[in-house]
Each structure stands twice: as C-alpha cells, then as structure tokens.
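One structure is given below, encoded as structure tokens.
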4 protein chains.
Amino acid sequence: MAGRQAFKEEKKSRIVEAAARVFARRGVFGTVMSEIAAEAGMGKGTLYAYFDSKEALFFAVFEWLAHKAFAHVTVSVSALGGSASERLKALSDSLMALWVDQTDFFTLVMEFWSASASSHMRKRFKCAFSQAYRDFRDIVSALIREGIERGEFRAGLDVESIAAALVGTWDALLLQSWFDEGFDPLITARDFLNVVLKGMANQGQGRIALDSGSNA
Amino acid sequence: MAGRQAFKEEKKSRIVEAAARVFARRGVFGTVMSEIAAEAGMGKGTLYAYFDSKEALFFAVFEWLAHKAFAHVTVSVSALGGSASERLKALSDSLMALWVDQTDFFTLVMEFWSASASSHMRKRFKCAFSQAYRDFRDIVSALIREGIERGEFRAGLDVESIAAALVGTWDALLLQSWFDEGFDPLITARDFLNVVLKGMANQGQGRIALDSGSNA
Amino acid sequence: MAGRQAFKEEKKSRIVEAAARVFARRGVFGTVMSEIAAEAGMGKGTLYAYFDSKEALFFAVFEWLAHKAFAHVTVSVSALGGSASERLKALSDSLMALWVDQTDFFTLVMEFWSASASSHMRKRFKCAFSQAYRDFRDIVSALIREGIERGEFRAGLDVESIAAALVGTWDALLLQSWFDEGFDPLITARDFLNVVLKGMANQGQGRIALDSGSNA
Amino acid sequence: MAGRQAFKEEKKSRIVEAAARVFARRGVFGTVMSEIAAEAGMGKGTLYAYFDSKEALFFAVFEWLAHKAFAHVTVSVSALGGSASERLKALSDSLMALWVDQTDFFTLVMEFWSASASSHMRKRFKCAFSQAYRDFRDIVSALIREGIERGEFRAGLDVESIAAALVGTWDALLLQSWFDEGFDPLITARDFLNVVLKGMANQGQGRIALDSGSNA
DNA sequence: CATGAATGAGGCTTCATTCAT
DNA sequence: GATGAATGAAGCCTCATTCAT
C-alpha cells in the first residue's frame, strides 16, 4: 500500500522531470503532450492519470524547479560559516554555479516569467513567484542584518532594498549570460558583489575586514 | 510616391502599436490575429500585406519596443549634466519611471524573454537581445569610466561587470515589482544605487562627493 | 449588405440540412464534424463560423425539423375544410405521409428524444419538446372542441387527454413502423382513428354522420 | 460447479443492473465504463470478464429491461379476470404505474430507441424491438379478439391496427410525461381508453357493458 | 479471478494563413 | 488595396480496452 503510493510519486517525478526537459527546449506552447510522454517513456494518456492538463503539469514543473532552487539556496547558506560577506559571496557563487551548469533549465524560468504575464494561470504564477522572491529576499536580508549586527556592515542600510536588488542581480546576470555566450555571470557577480560589499562596509571597522588588515 | 511610402509606414506603425497592446494583454500565444486587426481598426487580411506572419509581427513589436526604450535611455543620459553619480541616479530614476508607468508593457518584455528561449525565432531574438544589452551596458560603462576619469570613482573597478550588473538590477527590480504589487522599484533602485555608488567611490574624495559636503 | 445577410442564412441552412442527413444516418455521437463538412461541401472549420459547437448544430437541426413539422401540420389543418372528423382524418393522413416519405429523418426524432434524456442539453431539449407537444396538442384539442360545438362529438369528452393520446399515437405508430418494415402506419392510423372517432361520436346524431345515413 | 455457474450469473445481473442505472442517468455515450464498475462495486477490468464490450453490456441491459417489462405485462394480464374491457383498463393502469414509478428507467427506453436508429448494433436493436412490439401487440390483440368473441366489441374491428395503436399510445403518453412534469399519463391513458372502448363497443350490448348497468 | 494502470486511436475545436471579391 | 469567409493542419484530451500482477 505504502509502496504503491511511493510508486505513484516516483512516477509523477519522472513525468515532471521529462516535462521540464521538453518545456525547456520547446517552450510551453511549442511543447506537445506526446513529446513529453515519449520523453518520459510512456503513453500520452498516462500523463493525464497524473496531471489534469498540460497547464497543471507545467505548474508542477514550476513548483518542482522552485523547490529545487530554494533547497539549493538554503543548503548553500546554512552550510557555510564565516562572515556575512563571505557567506554572501558563497551564496552568489553557489547560485551562479547552479545555473551555469544548467543553462537549459534557465529557459524554464523565462517560460515561467512569461506564463506569469499572460497565461491563464497568471494569478497562480504571480502568487507563487511573489512568494518565492519574498522567501529568497528574506534569506539575503537575514544575512545582511547579521552583517550589520556583527559590525561588518554599516547600520542604517536599506536592507530590504539591497536584498531585493541582489536577488534581482543574480537573476539578471543569468539572463544576460543566456543571451550572450561570452558573458561570464559567475565572475561578473563576484566583481559586482565586491563593490556592493564595499558600499555596505562599516567605514571604521568594516574596511579593516574587507581590506583584510591593510592599515594600522 | 513619397507620400505613398509614408502612408504605408504610418499604417505599419499603427499595426505594430496595436499588436503591442494585444500581445501585452494576452501573450503571444493567447493573441489571435483577428484581435490585433480589430485593435488596429482594420481587416485581418490587411495585416498580411504589411507583415509576413504573426511571428514577424511579434518581432517587429520587439524591435519597436527595444528602439523606444533605447531612445529613452539615450535621451535621459544625454539630457542631464552633473557628476557621473548624478547621471547614474538620473538614469536609474528615469528608467524605473518609464516602466512603472507602463507595467502593461513590461509583460511584453517577458514575452520576448520567453520567445528568446523557445520560439522558432530564438536565434533572432537572442541576437537582438544580446545586442540591446550590450548597447545598454556600453552606455552605463561609459558613465562609470567617466566617473573614474573625473576621480569620482576608484580606478581599478571592474567596469564591465558593474555595468552589466546595474543593467540587470533594473530589469530585475521591475520584474519583482511585476510579481509584487507592494514593491516599489523606484525607491529600491535608488537605495541600492547609493550603496553601489559608495562601493565605487574614490576613498579620499568620493566620500565627500557622495555625502555632499557633510564633513565632520 | 442585405444580400450578405441572406447569403449567410442560406449557408446556415445548407449546413443544417447536411447535418440533419448525417445525424440521421449516424446518430449524434456517431457523427463526426468532418463528415458534416464534407456533406455540406465545405471545410470543417467553416462549420464553426456558423455554429459554436457540435451540440449547437445538433440543436439547430432539432429546431429546423420541429419548425418544418409544425409548419406541415398547420398547413394541413388550415388547408382543409369539412367536418372535424374529416379534418382529423386529413391531419392523420398528412402526418403519416410526411414521415413515411422520410423514414430516414424519423431517426432524427429518436436522437432528439435520446438527447432530451441524457445530453448536456437535456434541459433545452426537454423544454423545446415540451413546448412542441403542447402546441401540437393544442391544435388537436381545438379540432376536437370544434367537433363538440358542431355536435359531431359528445360533450363531456376529456378533450385534453384525447388530444394528447392522438398526438402520441401518431408518434408511436411511426416508431413501430421504423422497427418493422412490414408495418403500415398510414393504414393503421386510419383504422384506429375511425375507432376513436366512433368513440367520440355524439350518440344521437353522431352515429348518423359516421355511419353516413345507414339507419332511419 | 453449478454453484459456480449461479455465482457468475448473479454477478452478471449485478453488473447489468448497475449499468442500467448509469446508462439511465448519463446516456450511453455519457457513460464511462469505470462508473459502471464503481456502481457495481467492482473493478473496471472485471466487467470485461462478463461482457465483451460496452455495446454488448448495453444490449444486455436492453434485454434485461425488455424481459422485465414483458414479464410485468403478462403478469398483469393473466392475473386479472373480468371483461376484456376491464382487463384492458387494468393493463393500461398497470403499465402506466410501472413506468411512472421509474421515470429514470424510461430514459433507458429512449436510449434504446436512439441506439436502434444509429448504433453499430442498429440491426440487433431493431430486430429485438420489432419482436418486443410484436409480442406486446399480440397480447393486446388477443384481449381485443376475446372481447369480440364475448360480444363486448363489435365484430369487424381492425384488431391489429387497434392493438398497435394502443401499444403506441402507452409509449407516447409516457414520453409526453417525460417532457412535461405536469402531465399525468395514468389519467390520460384512462380517459383515452374509455373513448377507444366506446369506439369498439358492440352497439346493442356494448353500451350496456361499458356504462355498467346504468340504464335509463 | 479481480484489478486498475497503461495505452493510443480518434474527435472536437482553434486559428494562422490564403484568396476571391 | 482591403477585406473577411474559408480552410485544414494540428493539439489537447477522453476513454474503451488490454494485461501484468
């Protein structure tokens, strides 16, 4: 019984992952259900035993990817110790690395954005995205606040704004690297983060931390 | 003859602008040609006298919007004098203001992203986007370099990276504000830009410039 | 303009009549839209320019046939003079003749009955049928009442019941003749109507009329 | 072995009755096999151990209902004594009562009619219906002939026609009551039958019989 | 025997595109 | 040139039927 349930879940995952690949390479509207079925190694009809419609499957792919990405982020953040700055750098590197390996899947994100703009599921997507961004910003905010408490960063920073902008920057660098083969988002993100960290640094003590003991 | 030509161009514009409105509210795949025709106040068949296909029309909308946005940016930048910092701030404000007024059209941008990922015209879109981002980054790079030359910003900055990241930040803040009604991209952009400017500032003199004469 | 409108109506009729033939030979669910299109000599898509769906087209066929049948009845009744008995006989003959010529179309009636029982359009069909039967019964009731007033039929008859039963009998004889090739509904209806007329006859005077002066 | 056989028959009946309920509420084409299975309290696959196909099951339902109805009629007729007129009246009442109680099942009859017109099994249905009507007409014919022999009814009646018409009337009144909630088929049938009986009555003696001794 | 997961043929419907007027 | 009626390819989805367990 429990095995049966687990079996179904396993099959559902197989479908979602197959669908993710197809949606990524063809786009939502370019994808036909039969290709997903073929990719998943099953008959067209079987898909409908697990998902009500193409849209529902697409949304499931979204949730799956959002979950995966979020798990990646939380793991990255919690795994590393060190100063807030270092943890931000680590987060940045980890995020960029995640996606640079899977540029194919980044196209899915673009599909999701587009779906949030015009699909019938606009509301569901907007809502889910809104939540996802909020969660992500919260993680970054927490890191920044930690840095302020530790005295790494200046007090009086507009924490929320900075968090939102950083989160956005990561998105946007991946986007640019999607358009431009020669663009290296990982390095770009590092360079930029250094500037931002300097901008946030506590003048007196912060510079010491950042410049790693350069003055006396 | 010349009048005839102008007449055709004028009609083409009418079609493109009508199409932009419809694509924005329905998405590319949700849009049907007849609705564009109705919006443009003409018959469905007429569209095909001006554009070869739906995709061609969609691409024309893209070019039209890219052109409009680029024009806006160049005007903003050239119009304003002042320090590099101030011109960056002005550019930021002007960009945010442009899109905040036209959230509807921001959905078009998402459609374009999605098209660049999966449409049959992927190559054309990627190429055009790549160029558009490059152009935009160049403008920002130029401003930053100007700031370095003037001594406002530190020498040794990774100019290209910062430019790319800033351009991305603006995109990404608009994106977040699309998902989240309560999110104010204009203020967020300002707050964040201040941090970045501080991060770029020339240690000795830059602080003075930034803090605008608040010395103690 | 008016010509355009008339042209569309004419085309709609062509579709309805083609659909009637196909529905009659295949049944609603056995019918595929492409066969209707072929029968009407047009493309499948064209049907949808005139009717929203298969169901809508089916209902249009129903209305068309109901209208045709009702027109036939009213014409039959009004055309003939004579005693009420004679007019009832004429109506009976005329009805049977109408359908005997078009047994194929009688299968449509069975489809309609079935649709009224189980289709998604159950309500519409029941309502329309209910009205059609009421109208038809009213015509027959009026004839019977006329016969009573003229003294042909007894007073005190249950006019409504008789009308309903007669209407039903005609239906049912056609039904039986559908099942049974050797069954002659026209003769059967005549024979039976004679019995009913005798049953309704005014005892004193009616017998004279019916028996055409046989006793003194 | 015999027990095994009986067990199978019992299960078959369960399926047929479940199917009858589902066909009645959804129509043949609106019915899905899984709902029948659920209604019968068994798995979908099991149905196919007892019936070759959906159509075969539908036909089995038809036979079951035809058998049930015919049994009802024969019981009604044989159970009652009395004059032919009285037995006809009793038959009429009994039939109407049977169906009025089960309007749901009357929808099945409509499905059968429709199937006889257009199903792949058209021939089987027509044949079976033809036989069923013939059997039923024979019963009524026999009653009428009995009445003629007893002197209740006139000699020279078109017995077959009257039987066919009466059988049809009962069908048709149920049909009308299906369409029209306010319609009472039982009373209508009684009223009408009285007229028909009067029409069949032997002139001299018949009236006495019908008016049951009300002489003046 | 019983089951229900899997299948894929097939239908309704949409809509980009064409072309006669 | 402008129109919009006509077309038919193509896709989503359903469901009767099968078959491994």
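Each chain of the structure tokens is named A, B, ... in the order shown, its residues numbered from 1; ligands are numbered from 1 in display order.
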Leaving out Ile148 (chain C) and any residue of its chain fewer than 5 positions from it, which residues lie within 9 Å of it when counting only C-alpha atoms (C1' of nucleotides), given as a PyMOL selection string? chain C and resi 84+143+153-157+201-202
Keeping only N, CA and C atoms, write the selected residues to a file as a short mmCIF file (atom, residue, chain, number, x, y, z; two decimals), in the first residue's frame.
data_model
loop_
_atom_site.label_atom_id
_atom_site.label_comp_id
_atom_site.auth_asym_id
_atom_site.auth_seq_id
_atom_site.Cartn_x
_atom_site.Cartn_y
_atom_site.Cartn_z
N ALA C 84 -65.11 18.21 -38.43
CA ALA C 84 -63.97 17.99 -37.55
C ALA C 84 -63.40 16.60 -37.78
N LEU C 143 -59.43 21.18 -32.70
CA LEU C 143 -60.27 20.44 -33.66
C LEU C 143 -61.37 19.67 -32.94
N PHE C 153 -69.21 15.55 -31.99
CA PHE C 153 -68.71 14.74 -30.88
C PHE C 153 -69.53 15.00 -29.62
N ARG C 154 -69.52 14.03 -28.76
CA ARG C 154 -70.22 14.17 -27.49
C ARG C 154 -69.64 15.32 -26.68
N ALA C 155 -70.52 15.95 -25.96
CA ALA C 155 -70.00 16.86 -24.94
C ALA C 155 -69.44 15.99 -23.81
N GLY C 156 -68.65 16.56 -22.96
CA GLY C 156 -68.16 15.80 -21.81
C GLY C 156 -66.95 14.94 -22.11
N LEU C 157 -66.41 15.04 -23.30
CA LEU C 157 -65.18 14.30 -23.60
C LEU C 157 -64.00 14.92 -22.85
N ALA C 201 -68.10 9.99 -30.90
CA ALA C 201 -69.28 10.46 -31.62
C ALA C 201 -70.44 10.76 -30.68
N ASN C 202 -71.18 11.77 -31.09
CA ASN C 202 -72.42 12.08 -30.40
C ASN C 202 -73.41 10.96 -30.69
#
Find the residues near region 49-64 of chain C: any atom within 9 Å, counting only C-alpha atoms (C1' of nucleotides), skip ones fewer than 5 places away on the same chain, and give them as a ChimeraX atom specification. /C:8,11-13,15-17,19-20,23,28,32-33,69,108-109,112,120-121,124-125,128 /E:12-13 /F:5
Output file for the selection above: C-alpha atoms (C1' of nucleotides), as a PDB file, in the first residue's frame:
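Done, and the output landed in out-v7.pdb:
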ATOM      1  CA  LYS C   8     -25.157  33.753 -44.581  1.00  0.00           C
ATOM      2  CA  LYS C  11     -25.326  28.893 -45.934  1.00  0.00           C
ATOM      3  CA  LYS C  12     -26.517  28.192 -42.418  1.00  0.00           C
ATOM      4  CA  SER C  13     -29.447  26.310 -43.881  1.00  0.00           C
ATOM      5  CA  ILE C  15     -25.158  23.292 -43.042  1.00  0.00           C
ATOM      6  CA  VAL C  16     -28.229  22.409 -41.028  1.00  0.00           C
ATOM      7  CA  GLU C  17     -29.618  20.258 -43.778  1.00  0.00           C
ATOM      8  CA  ALA C  19     -26.029  17.938 -40.601  1.00  0.00           C
ATOM      9  CA  ALA C  20     -29.560  16.576 -40.459  1.00  0.00           C
ATOM     10  CA  PHE C  23     -27.031  12.924 -37.773  1.00  0.00           C
ATOM     11  CA  VAL C  28     -25.279  12.323 -32.783  1.00  0.00           C
ATOM     12  CA  VAL C  32     -18.051  13.418 -36.812  1.00  0.00           C
ATOM     13  CA  MET C  33     -17.884  17.043 -37.739  1.00  0.00           C
ATOM     14  CA  ALA C  69     -43.042  19.556 -38.905  1.00  0.00           C
ATOM     15  CA  LEU C 108     -33.539  12.170 -36.021  1.00  0.00           C
ATOM     16  CA  VAL C 109     -36.555  12.333 -33.798  1.00  0.00           C
ATOM     17  CA  PHE C 112     -33.757  14.127 -30.119  1.00  0.00           C
ATOM     18  CA  HIS C 120     -25.756  18.009 -21.710  1.00  0.00           C
ATOM     19  CA  MET C 121     -28.508  19.906 -23.423  1.00  0.00           C
ATOM     20  CA  ARG C 124     -33.033  22.766 -23.662  1.00  0.00           C
ATOM     21  CA  PHE C 125     -34.381  19.723 -25.400  1.00  0.00           C
ATOM     22  CA  ALA C 128     -38.408  22.634 -26.535  1.00  0.00           C
TER      23      ALA C 128
ATOM     24  C1'  DC E  12     -13.747  18.438 -31.299  1.00  0.00           C
ATOM     25  C1'  DT E  13     -12.079  22.672 -31.797  1.00  0.00           C
TER      26       DT E  13
ATOM     27  C1'  DA F   5     -15.028  33.926 -45.398  1.00  0.00           C
TER      28       DA F   5
END
When the cut-off is 9 Å and we count only C-alpha atoms (C1' of nucleotides), which residues of chain A are near chain E, given as an mmCIF file with C-alpha atoms, in the first residue's frame?
data_model
loop_
_atom_site.group_PDB
_atom_site.id
_atom_site.type_symbol
_atom_site.label_atom_id
_atom_site.label_comp_id
_atom_site.auth_asym_id
_atom_site.auth_seq_id
_atom_site.Cartn_x
_atom_site.Cartn_y
_atom_site.Cartn_z
ATOM 1 C CA MET A 42 5.103 6.265 -21.511
ATOM 2 C CA GLY A 43 1.864 6.704 -23.365
ATOM 3 C CA LYS A 44 0.179 10.046 -23.809
ATOM 4 C CA GLY A 45 -2.823 9.015 -21.800
ATOM 5 C CA THR A 46 -0.766 8.118 -18.786
ATOM 6 C CA ALA A 49 -3.644 9.944 -14.938
#
Near-region 170-173 of chain A list (10 Å; only C-alpha atoms (C1' of nucleotides); drop same-chain fewer than 4 positions) as a PyMOL selection string: (chain A and resi 92-93+95-96+99+106+109+165-166+177-179+183-186+188-189) or (chain B and resi 161+164-173+175)
Dump of N, CA and C atoms for the selected residues, as a PDB file, in the first residue's frame:
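Here's the written file again.pdb:
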ATOM      1  N   SER A  92      26.399  33.698  -3.665  1.00  0.00           N
ATOM      2  CA  SER A  92      26.478  34.164  -5.038  1.00  0.00           C
ATOM      3  C   SER A  92      27.137  33.112  -5.937  1.00  0.00           C
ATOM      4  N   ASP A  93      28.279  32.662  -5.518  1.00  0.00           N
ATOM      5  CA  ASP A  93      28.986  31.654  -6.317  1.00  0.00           C
ATOM      6  C   ASP A  93      28.140  30.398  -6.511  1.00  0.00           C
ATOM      7  N   LEU A  95      24.917  30.004  -6.368  1.00  0.00           N
ATOM      8  CA  LEU A  95      23.768  30.217  -7.247  1.00  0.00           C
ATOM      9  C   LEU A  95      24.187  30.237  -8.713  1.00  0.00           C
ATOM     10  N   MET A  96      25.211  31.012  -8.961  1.00  0.00           N
ATOM     11  CA  MET A  96      25.655  31.115 -10.349  1.00  0.00           C
ATOM     12  C   MET A  96      26.074  29.738 -10.860  1.00  0.00           C
ATOM     13  N   TRP A  99      23.191  27.417 -11.883  1.00  0.00           N
ATOM     14  CA  TRP A  99      22.502  27.679 -13.143  1.00  0.00           C
ATOM     15  C   TRP A  99      23.422  27.593 -14.348  1.00  0.00           C
ATOM     16  N   PHE A 106      17.463  27.236 -17.383  1.00  0.00           N
ATOM     17  CA  PHE A 106      17.154  28.644 -17.158  1.00  0.00           C
ATOM     18  C   PHE A 106      16.060  29.106 -18.122  1.00  0.00           C
ATOM     19  N   VAL A 109      12.816  29.124 -16.535  1.00  0.00           N
ATOM     20  CA  VAL A 109      12.483  30.299 -15.729  1.00  0.00           C
ATOM     21  C   VAL A 109      11.867  31.373 -16.607  1.00  0.00           C
ATOM     22  N   ALA A 165      17.605  43.909  -4.565  1.00  0.00           N
ATOM     23  CA  ALA A 165      18.442  44.205  -5.720  1.00  0.00           C
ATOM     24  C   ALA A 165      19.454  43.092  -5.956  1.00  0.00           C
ATOM     25  N   LEU A 166      20.007  42.565  -4.882  1.00  0.00           N
ATOM     26  CA  LEU A 166      20.983  41.488  -5.069  1.00  0.00           C
ATOM     27  C   LEU A 166      20.329  40.265  -5.696  1.00  0.00           C
ATOM     28  N   SER A 177      23.642  36.235 -19.486  1.00  0.00           N
ATOM     29  CA  SER A 177      24.543  35.188 -19.968  1.00  0.00           C
ATOM     30  C   SER A 177      23.809  34.238 -20.910  1.00  0.00           C
ATOM     31  N   TRP A 178      22.488  34.164 -20.755  1.00  0.00           N
ATOM     32  CA  TRP A 178      21.699  33.370 -21.687  1.00  0.00           C
ATOM     33  C   TRP A 178      21.763  33.974 -23.099  1.00  0.00           C
ATOM     34  N   PHE A 179      21.748  35.295 -23.132  1.00  0.00           N
ATOM     35  CA  PHE A 179      21.749  35.935 -24.443  1.00  0.00           C
ATOM     36  C   PHE A 179      23.138  35.959 -25.062  1.00  0.00           C
ATOM     37  N   PHE A 183      29.479  35.894 -22.098  1.00  0.00           N
ATOM     38  CA  PHE A 183      29.290  36.582 -20.820  1.00  0.00           C
ATOM     39  C   PHE A 183      29.483  35.598 -19.667  1.00  0.00           C
ATOM     40  N   ASP A 184      30.314  35.974 -18.684  1.00  0.00           N
ATOM     41  CA  ASP A 184      30.515  35.050 -17.558  1.00  0.00           C
ATOM     42  C   ASP A 184      29.816  35.556 -16.303  1.00  0.00           C
ATOM     43  N   PRO A 185      28.696  34.991 -15.987  1.00  0.00           N
ATOM     44  CA  PRO A 185      27.900  35.525 -14.873  1.00  0.00           C
ATOM     45  C   PRO A 185      28.583  35.310 -13.526  1.00  0.00           C
ATOM     46  N   LEU A 186      29.348  34.264 -13.424  1.00  0.00           N
ATOM     47  CA  LEU A 186      29.963  33.969 -12.134  1.00  0.00           C
ATOM     48  C   LEU A 186      30.959  35.064 -11.748  1.00  0.00           C
ATOM     49  N   THR A 188      31.246  38.025 -13.149  1.00  0.00           N
ATOM     50  CA  THR A 188      30.552  39.309 -13.075  1.00  0.00           C
ATOM     51  C   THR A 188      29.891  39.491 -11.717  1.00  0.00           C
ATOM     52  N   ALA A 189      29.242  38.432 -11.262  1.00  0.00           N
ATOM     53  CA  ALA A 189      28.569  38.524  -9.965  1.00  0.00           C
ATOM     54  C   ALA A 189      29.577  38.763  -8.849  1.00  0.00           C
TER      55      ALA A 189
ATOM     56  N   SER B 161      31.693  44.550 -15.484  1.00  0.00           N
ATOM     57  CA  SER B 161      30.861  43.759 -14.574  1.00  0.00           C
ATOM     58  C   SER B 161      29.837  44.634 -13.868  1.00  0.00           C
ATOM     59  N   ALA B 164      27.119  45.666 -16.286  1.00  0.00           N
ATOM     60  CA  ALA B 164      26.201  44.546 -16.551  1.00  0.00           C
ATOM     61  C   ALA B 164      25.268  44.318 -15.369  1.00  0.00           C
ATOM     62  N   ALA B 165      25.837  44.355 -14.197  1.00  0.00           N
ATOM     63  CA  ALA B 165      25.030  44.084 -13.007  1.00  0.00           C
ATOM     64  C   ALA B 165      23.999  45.179 -12.787  1.00  0.00           C
ATOM     65  N   LEU B 166      24.393  46.418 -13.002  1.00  0.00           N
ATOM     66  CA  LEU B 166      23.424  47.507 -12.808  1.00  0.00           C
ATOM     67  C   LEU B 166      22.269  47.389 -13.796  1.00  0.00           C
ATOM     68  N   VAL B 167      22.635  47.168 -15.038  1.00  0.00           N
ATOM     69  CA  VAL B 167      21.588  46.992 -16.048  1.00  0.00           C
ATOM     70  C   VAL B 167      20.645  45.865 -15.619  1.00  0.00           C
ATOM     71  N   GLY B 168      21.244  44.784 -15.154  1.00  0.00           N
ATOM     72  CA  GLY B 168      20.438  43.657 -14.707  1.00  0.00           C
ATOM     73  C   GLY B 168      19.573  44.010 -13.519  1.00  0.00           C
ATOM     74  N   THR B 169      20.111  44.772 -12.622  1.00  0.00           N
ATOM     75  CA  THR B 169      19.342  45.131 -11.428  1.00  0.00           C
ATOM     76  C   THR B 169      18.062  45.857 -11.810  1.00  0.00           C
ATOM     77  N   TRP B 170      18.195  46.779 -12.738  1.00  0.00           N
ATOM     78  CA  TRP B 170      16.984  47.500 -13.148  1.00  0.00           C
ATOM     79  C   TRP B 170      15.945  46.535 -13.718  1.00  0.00           C
ATOM     80  N   ASP B 171      16.370  45.682 -14.606  1.00  0.00           N
ATOM     81  CA  ASP B 171      15.451  44.646 -15.118  1.00  0.00           C
ATOM     82  C   ASP B 171      14.772  43.899 -13.988  1.00  0.00           C
ATOM     83  N   ALA B 172      15.632  43.459 -13.077  1.00  0.00           N
ATOM     84  CA  ALA B 172      15.141  42.524 -12.078  1.00  0.00           C
ATOM     85  C   ALA B 172      14.218  43.184 -11.073  1.00  0.00           C
ATOM     86  N   LEU B 173      14.446  44.463 -10.820  1.00  0.00           N
ATOM     87  CA  LEU B 173      13.544  45.139  -9.888  1.00  0.00           C
ATOM     88  C   LEU B 173      12.170  45.328 -10.520  1.00  0.00           C
ATOM     89  N   LEU B 175      10.932  43.359 -12.628  1.00  0.00           N
ATOM     90  CA  LEU B 175      10.355  42.023 -12.585  1.00  0.00           C
ATOM     91  C   LEU B 175       9.714  41.760 -11.228  1.00  0.00           C
TER      92      LEU B 175
END
Which residue out of A:Ser141, A:Ser85, A:Thr31, A:Gln5 has the minimum interatomic distance to chain B when only C-alpha atoms are used? A:Thr31
Chain F contacts to chain A at 12 Å (only C-alpha atoms (C1' of nucleotides)) as a PyMOL selection string: chain F and resi 10-15
Take the residues from that selection and write them out as a PDB file, in the first residue's frame, keeping N, CA and C atoms (P, O5', C5', C4', C3', O3' and C1' of nucleotides).
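File part_4.pdb, as written:
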ATOM      1  P    DA F  10       0.530  19.747 -39.705  1.00  0.00           P
ATOM      2  O5'  DA F  10       0.071  20.058 -38.216  1.00  0.00           O
ATOM      3  C5'  DA F  10      -0.136  21.402 -37.820  1.00  0.00           C
ATOM      4  C4'  DA F  10      -0.668  21.415 -36.405  1.00  0.00           C
ATOM      5  C3'  DA F  10      -0.171  20.243 -35.559  1.00  0.00           C
ATOM      6  O3'  DA F  10       0.052  20.727 -34.247  1.00  0.00           O
ATOM      7  C1'  DA F  10      -2.510  20.241 -35.569  1.00  0.00           C
ATOM      8  P    DG F  11       0.953  19.828 -33.285  1.00  0.00           P
ATOM      9  O5'  DG F  11       0.293  20.166 -31.881  1.00  0.00           O
ATOM     10  C5'  DG F  11      -0.422  21.382 -31.695  1.00  0.00           C
ATOM     11  C4'  DG F  11      -1.400  21.232 -30.552  1.00  0.00           C
ATOM     12  C3'  DG F  11      -1.020  20.144 -29.552  1.00  0.00           C
ATOM     13  O3'  DG F  11      -1.368  20.609 -28.256  1.00  0.00           O
ATOM     14  C1'  DG F  11      -3.145  19.653 -30.472  1.00  0.00           C
ATOM     15  P    DC F  12      -0.819  19.924 -26.987  1.00  0.00           P
ATOM     16  O5'  DC F  12      -2.147  19.882 -26.139  1.00  0.00           O
ATOM     17  C5'  DC F  12      -2.972  21.044 -26.012  1.00  0.00           C
ATOM     18  C4'  DC F  12      -4.363  20.625 -25.582  1.00  0.00           C
ATOM     19  C3'  DC F  12      -4.376  19.737 -24.339  1.00  0.00           C
ATOM     20  O3'  DC F  12      -5.417  20.217 -23.482  1.00  0.00           O
ATOM     21  C1'  DC F  12      -5.426  18.605 -26.150  1.00  0.00           C
ATOM     22  P    DC F  13      -5.394  19.685 -21.980  1.00  0.00           P
ATOM     23  O5'  DC F  13      -6.364  18.431 -22.121  1.00  0.00           O
ATOM     24  C5'  DC F  13      -7.703  18.666 -22.575  1.00  0.00           C
ATOM     25  C4'  DC F  13      -8.325  17.355 -22.966  1.00  0.00           C
ATOM     26  C3'  DC F  13      -8.335  16.280 -21.876  1.00  0.00           C
ATOM     27  O3'  DC F  13      -9.676  16.195 -21.409  1.00  0.00           O
ATOM     28  C1'  DC F  13      -7.844  15.393 -24.035  1.00  0.00           C
ATOM     29  P    DT F  14     -10.025  15.127 -20.269  1.00  0.00           P
ATOM     30  O5'  DT F  14     -10.893  14.016 -21.011  1.00  0.00           O
ATOM     31  C5'  DT F  14     -11.668  14.385 -22.129  1.00  0.00           C
ATOM     32  C4'  DT F  14     -12.235  13.134 -22.765  1.00  0.00           C
ATOM     33  C3'  DT F  14     -12.613  12.042 -21.768  1.00  0.00           C
ATOM     34  O3'  DT F  14     -13.834  11.495 -22.237  1.00  0.00           O
ATOM     35  C1'  DT F  14     -11.064  11.186 -23.315  1.00  0.00           C
ATOM     36  P    DC F  15     -14.752  10.650 -21.257  1.00  0.00           P
ATOM     37  O5'  DC F  15     -14.470   9.168 -21.737  1.00  0.00           O
ATOM     38  C5'  DC F  15     -14.486   8.918 -23.141  1.00  0.00           C
ATOM     39  C4'  DC F  15     -13.979   7.524 -23.405  1.00  0.00           C
ATOM     40  C3'  DC F  15     -14.287   6.538 -22.271  1.00  0.00           C
ATOM     41  O3'  DC F  15     -14.572   5.304 -22.882  1.00  0.00           O
ATOM     42  C1'  DC F  15     -11.994   6.576 -22.638  1.00  0.00           C
TER      43       DC F  15
END
Tell me, in Å to one decimal, how far CA of Ile144 (chain A) is from CA of Ser83 (chain A).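 Atom-to-atom, CA of Ile144 (chain A) and CA of Ser83 (chain A) are spaced 10.3 Å apart.
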Using Å and a single decimal, report how far CA of Ser94 (chain B) sits from CA of His72 (chain B).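 These two atoms are separated by 8.4 Å.
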Which of region 33-210 of chain C counts as alpha helix (DSSP H) under DSSP, as a PyMOL selection string please? chain C and resi 33-40+44-50+54-79+84-100+103-118+122-149+159-179+185-200+203-210
Interface, chain A side, toward chain B (6 Å; only C-alpha atoms) as a list in words: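 Here is what falls inside 6 Å: Arg26, Gly27, Thr107, Met110, Glu111, Ser114, Ala117, Ser118, Lys126, Ser130, Ser161, Ile162, Ala165, Gly168, Thr169, Ala172, Phe179, Asp180, Thr188, Phe192, Val195, Val196, Lys198 and Gly199 of chain A.
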Writing out the chosen residues with C-alpha atoms as a compact mmCIF listing (two decimals), in the first residue's frame:
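Listing of result05.txt after writing:
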# COMPACT_ATOMS: atom_id res chain seq x y z
CA ARG A 26 10.41 23.89 -26.83
CA GLY A 27 8.66 26.38 -24.57
CA THR A 107 14.92 28.82 -20.20
CA MET A 110 11.84 32.52 -18.69
CA GLU A 111 8.82 30.44 -19.55
CA SER A 114 6.12 34.70 -19.40
CA ALA A 117 2.38 37.60 -17.59
CA SER A 118 -0.12 36.10 -19.92
CA LYS A 126 2.35 35.58 -9.95
CA SER A 130 5.88 36.64 -5.46
CA SER A 161 16.20 47.19 -0.93
CA ILE A 162 19.67 45.77 -1.06
CA ALA A 165 18.44 44.21 -5.72
CA GLY A 168 17.48 40.50 -8.86
CA THR A 169 21.03 40.96 -9.98
CA ALA A 172 19.56 39.29 -14.39
CA PHE A 179 21.75 35.93 -24.44
CA ASP A 180 25.45 36.29 -24.67
CA THR A 188 30.55 39.31 -13.08
CA PHE A 192 29.87 43.33 -8.55
CA VAL A 195 31.57 46.64 -4.95
CA VAL A 196 28.31 46.21 -3.11
CA LYS A 198 32.41 47.77 -0.04
CA GLY A 199 29.40 50.01 -0.33
Mind giving me the straight-line distance from CA of Val73 (chain B) to CA of Gly182 (chain B) in Å, one decimal?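 Here the two named atoms are 25.8 Å from each other.
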